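Enquirer: Below is one structure. I have some questions about it.
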Amino acid sequence: MFPFVVAAPRFFSGAIQLGELMQISSAFGQVQGALSWFVDNYSSLASWRATTDRLTSFEASFTALAPARATLAATDSAALETHDLSVALPDGAVLLAGAALHAAAGDSVLLQGPSGSGKSTLFRAFAGIWPFASGTLARPADAMFIPQRPYFPNGPLRDALAYPEVPANYTDTQLRQALADALLPHLGDQLDRFEAWSQQLSGGEQQRLAIARVLLKQPAWVFADEATSALDEAAERSVYQRLLDLVKAKHGAMVSISHGPTVAAFHNRCWELQAQPPGAPARYKLAEKRS
Ligand SMILES: Nc1ncnc2c1ncn2[C@@H]1O[C@H](COP(=O)(O)OP(=O)(O)OP(=O)(O)O)[C@@H](O)[C@H]1O
Ligand SMILES: [Mg+2]
């Protein structure tokens, strides 16, 4: 555009040469070409802008949460122990306040409470991944959590089973044995099958795959959040017996969330989240229930 503006007065006064006219035309073409790049790439630029905006706000949210997260680092210990443990929701509502808990090796503790009372959230706090918790927390580092909705990466079955480790850490014999112990023997010859396992497997099969993961890695402590809720009674008993045998052999302990009597029978202690009246410091109180 610039050369055209400079040359225009001379062009109209008749003083411009043919060569200069061609130069002006070429320069104009280049400027027009450069400007049309923005037009041609407008949708890509808009999508890039949206992506960077999302990442920027994600980073800002993370930074805002960082101080709360730092208050509940779990220290390694032979037992599970909390002092003055408070668990809240992102909106500030307090689910649990000032809880003092203790579970030692050899214990098998059932955590009960109404739906929505915060059982899974308490497990997240035990795992050190719930940012709205404060107090002190100590627990064995050699622990595994089976979440209420386990995650499986898309890909070969052996990857889903070994996740988050790499499958090369285990032999095929170990992987097959874990599947068989978790009542999935029919998947033993499909270790290299590539699937979206969270969509392919039934709810009960996904639960058994999550349990197979624990039986493969052999932690001393297991925290199981409704880990067998989709299984029939006989299967529930069978896999729970395996989990209990594992933690006993490793001198660890079991902490479970369950609503059913089959799982309850495998535990010798019970913590109950009891609803508190309005105005109480927290919505629930954690009490040891004597059977
Ligand atoms: N990420 C989150 N953001 C906001 N609120 C949440 C979040 N996760 C859980 N909550 C809320 O915290 C409360 C406790 O949820 P939690 O999943 O711990 O309950 P629960 O006792 O495990 O219930 P259930 O027996 O149905 O599994 C619920 O009211 C839930 O809506
Ligand atoms: Mg839950």
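To be explicit about the labels: the chains of the structure tokens are called A, B, and onward in the order shown, and within each one the residues are counted from 1, while ligands get numbers from 1 in the order they are shown.
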Go through chain A residue by residue and, counting only C-alpha atoms and all ligand atoms, keep those with an atom at most 12 Å from ligand 2; for each kept residue give the shortest atom pair and its distance in Å to one decimal, ordered by chain and increasing number, as a tab-separated table.

Expert:
```
residue	atom	partner	partner_atom_place_in_ligand_line	distance
A:Leu111	CA	ligand 2	1 (Mg)	10.5
A:Gln112	CA	ligand 2	1 (Mg)	10.0
A:Gly113	CA	ligand 2	1 (Mg)	9.5
A:Pro114	CA	ligand 2	1 (Mg)	9.4
A:Ser115	CA	ligand 2	1 (Mg)	6.9
A:Gly116	CA	ligand 2	1 (Mg)	6.9
A:Ser117	CA	ligand 2	1 (Mg)	8.3
A:Gly118	CA	ligand 2	1 (Mg)	6.9
A:Lys119	CA	ligand 2	1 (Mg)	5.4
A:Ser120	CA	ligand 2	1 (Mg)	4.1
A:Thr121	CA	ligand 2	1 (Mg)	7.2
A:Leu122	CA	ligand 2	1 (Mg)	9.2
A:Phe123	CA	ligand 2	1 (Mg)	8.9
A:Arg124	CA	ligand 2	1 (Mg)	10.1
A:Ile146	CA	ligand 2	1 (Mg)	11.3
A:Pro147	CA	ligand 2	1 (Mg)	8.5
A:Gln148	CA	ligand 2	1 (Mg)	6.1
A:Arg149	CA	ligand 2	1 (Mg)	9.0
A:Ala224	CA	ligand 2	1 (Mg)	10.4
A:Asp225	CA	ligand 2	1 (Mg)	6.7
A:Glu226	CA	ligand 2	1 (Mg)	7.3
A:Ala227	CA	ligand 2	1 (Mg)	10.3
A:Ser229	CA	ligand 2	1 (Mg)	11.1
A:Ser256	CA	ligand 2	1 (Mg)	10.9
A:Ile257	CA	ligand 2	1 (Mg)	7.7
A:Ser258	CA	ligand 2	1 (Mg)	8.9
A:His259	CA	ligand 2	1 (Mg)	10.2
```

Enquirer: Any idea what's packed within 12 Å of stretch 180-190 of chain A, counting only C-alpha atoms, ignoring anything in its chain fewer than 3 positions away? Could you give it as a PyMOL selection string?

Expert: chain A and resi 155-161+172-177+193-195+197+201-202+204-216+227-228+231-232+234-243+245-246

Enquirer: From the DSSP assignment of the backbone, select every residue of stretch 245-285 of chain A that is helix (DSSP H, G or I), and format the answer as a short mmCIF file (atom, residue, chain, number, x, y, z; two decimals) with C-alpha atoms, in the first residue's frame.

Expert:
```cif
data_model
loop_
_atom_site.label_atom_id
_atom_site.label_comp_id
_atom_site.auth_asym_id
_atom_site.auth_seq_id
_atom_site.Cartn_x
_atom_site.Cartn_y
_atom_site.Cartn_z
CA ASP A 245 -5.16 -61.66 51.60
CA LEU A 246 -2.86 -59.22 49.79
CA VAL A 247 -2.83 -56.52 52.50
CA LYS A 248 -2.45 -59.16 55.24
CA ALA A 249 0.54 -60.71 53.45
CA PRO A 261 -23.40 -56.14 53.60
CA THR A 262 -21.13 -58.44 51.55
CA VAL A 263 -18.19 -56.01 51.69
CA ALA A 264 -19.02 -54.97 55.28
#
```

Enquirer: May I have a table of the residues of stretch 45-136 of chain A lying at most 6 Å from stretch 273-291 of chain A, giving each one's closest pair of atoms and their distance in Å to one decimal, counting only C-alpha atoms, ordered by chain and ascending residue number, as CSV?

Expert:
```
residue,atom,partner,partner_atom,distance
A:Val94,CA,A:Ala282,CA,5.0
A:Leu95,CA,A:Arg283,CA,4.9
A:Leu96,CA,A:Ala282,CA,5.1
A:Ala97,CA,A:Ala282,CA,5.6
A:Gly113,CA,A:Leu273,CA,4.7
```

Enquirer: So that I have them on file, write out the residues from the current selection with all heavy atoms, as a compact mmCIF listing (two decimals), in the first residue's frame.

Expert:
```
# COMPACT_ATOMS: atom_id res chain seq x y z
N VAL A 94 -18.32 -26.65 54.46
CA VAL A 94 -17.42 -27.57 55.18
C VAL A 94 -18.13 -28.92 55.36
O VAL A 94 -19.20 -29.00 55.96
CB VAL A 94 -17.02 -26.97 56.55
CG1 VAL A 94 -16.09 -27.92 57.29
CG2 VAL A 94 -16.36 -25.62 56.36
N LEU A 95 -17.53 -29.97 54.80
CA LEU A 95 -18.13 -31.31 54.93
C LEU A 95 -17.76 -31.93 56.26
O LEU A 95 -18.56 -32.61 56.91
CB LEU A 95 -17.64 -32.22 53.80
CG LEU A 95 -18.16 -31.95 52.39
CD1 LEU A 95 -17.48 -32.87 51.39
CD2 LEU A 95 -19.67 -32.13 52.33
N LEU A 96 -16.50 -31.73 56.67
CA LEU A 96 -15.96 -32.41 57.84
C LEU A 96 -14.98 -31.45 58.50
O LEU A 96 -14.20 -30.79 57.80
CB LEU A 96 -15.22 -33.66 57.35
CG LEU A 96 -14.79 -34.71 58.35
CD1 LEU A 96 -16.03 -35.32 59.02
CD2 LEU A 96 -14.02 -35.81 57.62
N ALA A 97 -15.02 -31.37 59.84
CA ALA A 97 -14.10 -30.43 60.51
C ALA A 97 -13.43 -31.11 61.69
O ALA A 97 -14.06 -31.86 62.45
CB ALA A 97 -14.87 -29.21 60.99
N GLY A 113 -21.70 -43.79 55.08
CA GLY A 113 -22.35 -42.48 55.18
C GLY A 113 -23.31 -42.33 54.03
O GLY A 113 -23.17 -43.03 53.01
```

Enquirer: Select from stretch 54-137 of chain A everything DSSP, run on the backbone, classes as strand (DSSP E), then give the selection as a ChimeraX atom specification.

Expert: /A:74-76,80-88,94-103,108-112,133-137

Enquirer: Could you please determine the separation between atom CA of A:Asp107 and atom CA of A:His267 in Å, to one decimal place?

Expert: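 Between atom CA of A:Asp107 and atom CA of A:His267 the gap is 7.8 Å.
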
Enquirer: Just the residues within 6 Å of A:Asp76, please, counting only C-alpha atoms, with nothing from its chain fewer than 5 positions along; format it as number ranges by chain.

Expert: A: 138-141

Enquirer: Quick one: pull the distance between atom CA of A:Ala178 and atom CA of A:Ser108, Å, one decimal.

Expert: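 Distance reported for this atom pair: 22.1 Å.
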
Enquirer: Distance atom CA of A:Leu191-atom CA of A:Glu165, one decimal place?

Expert: 15.2 Å
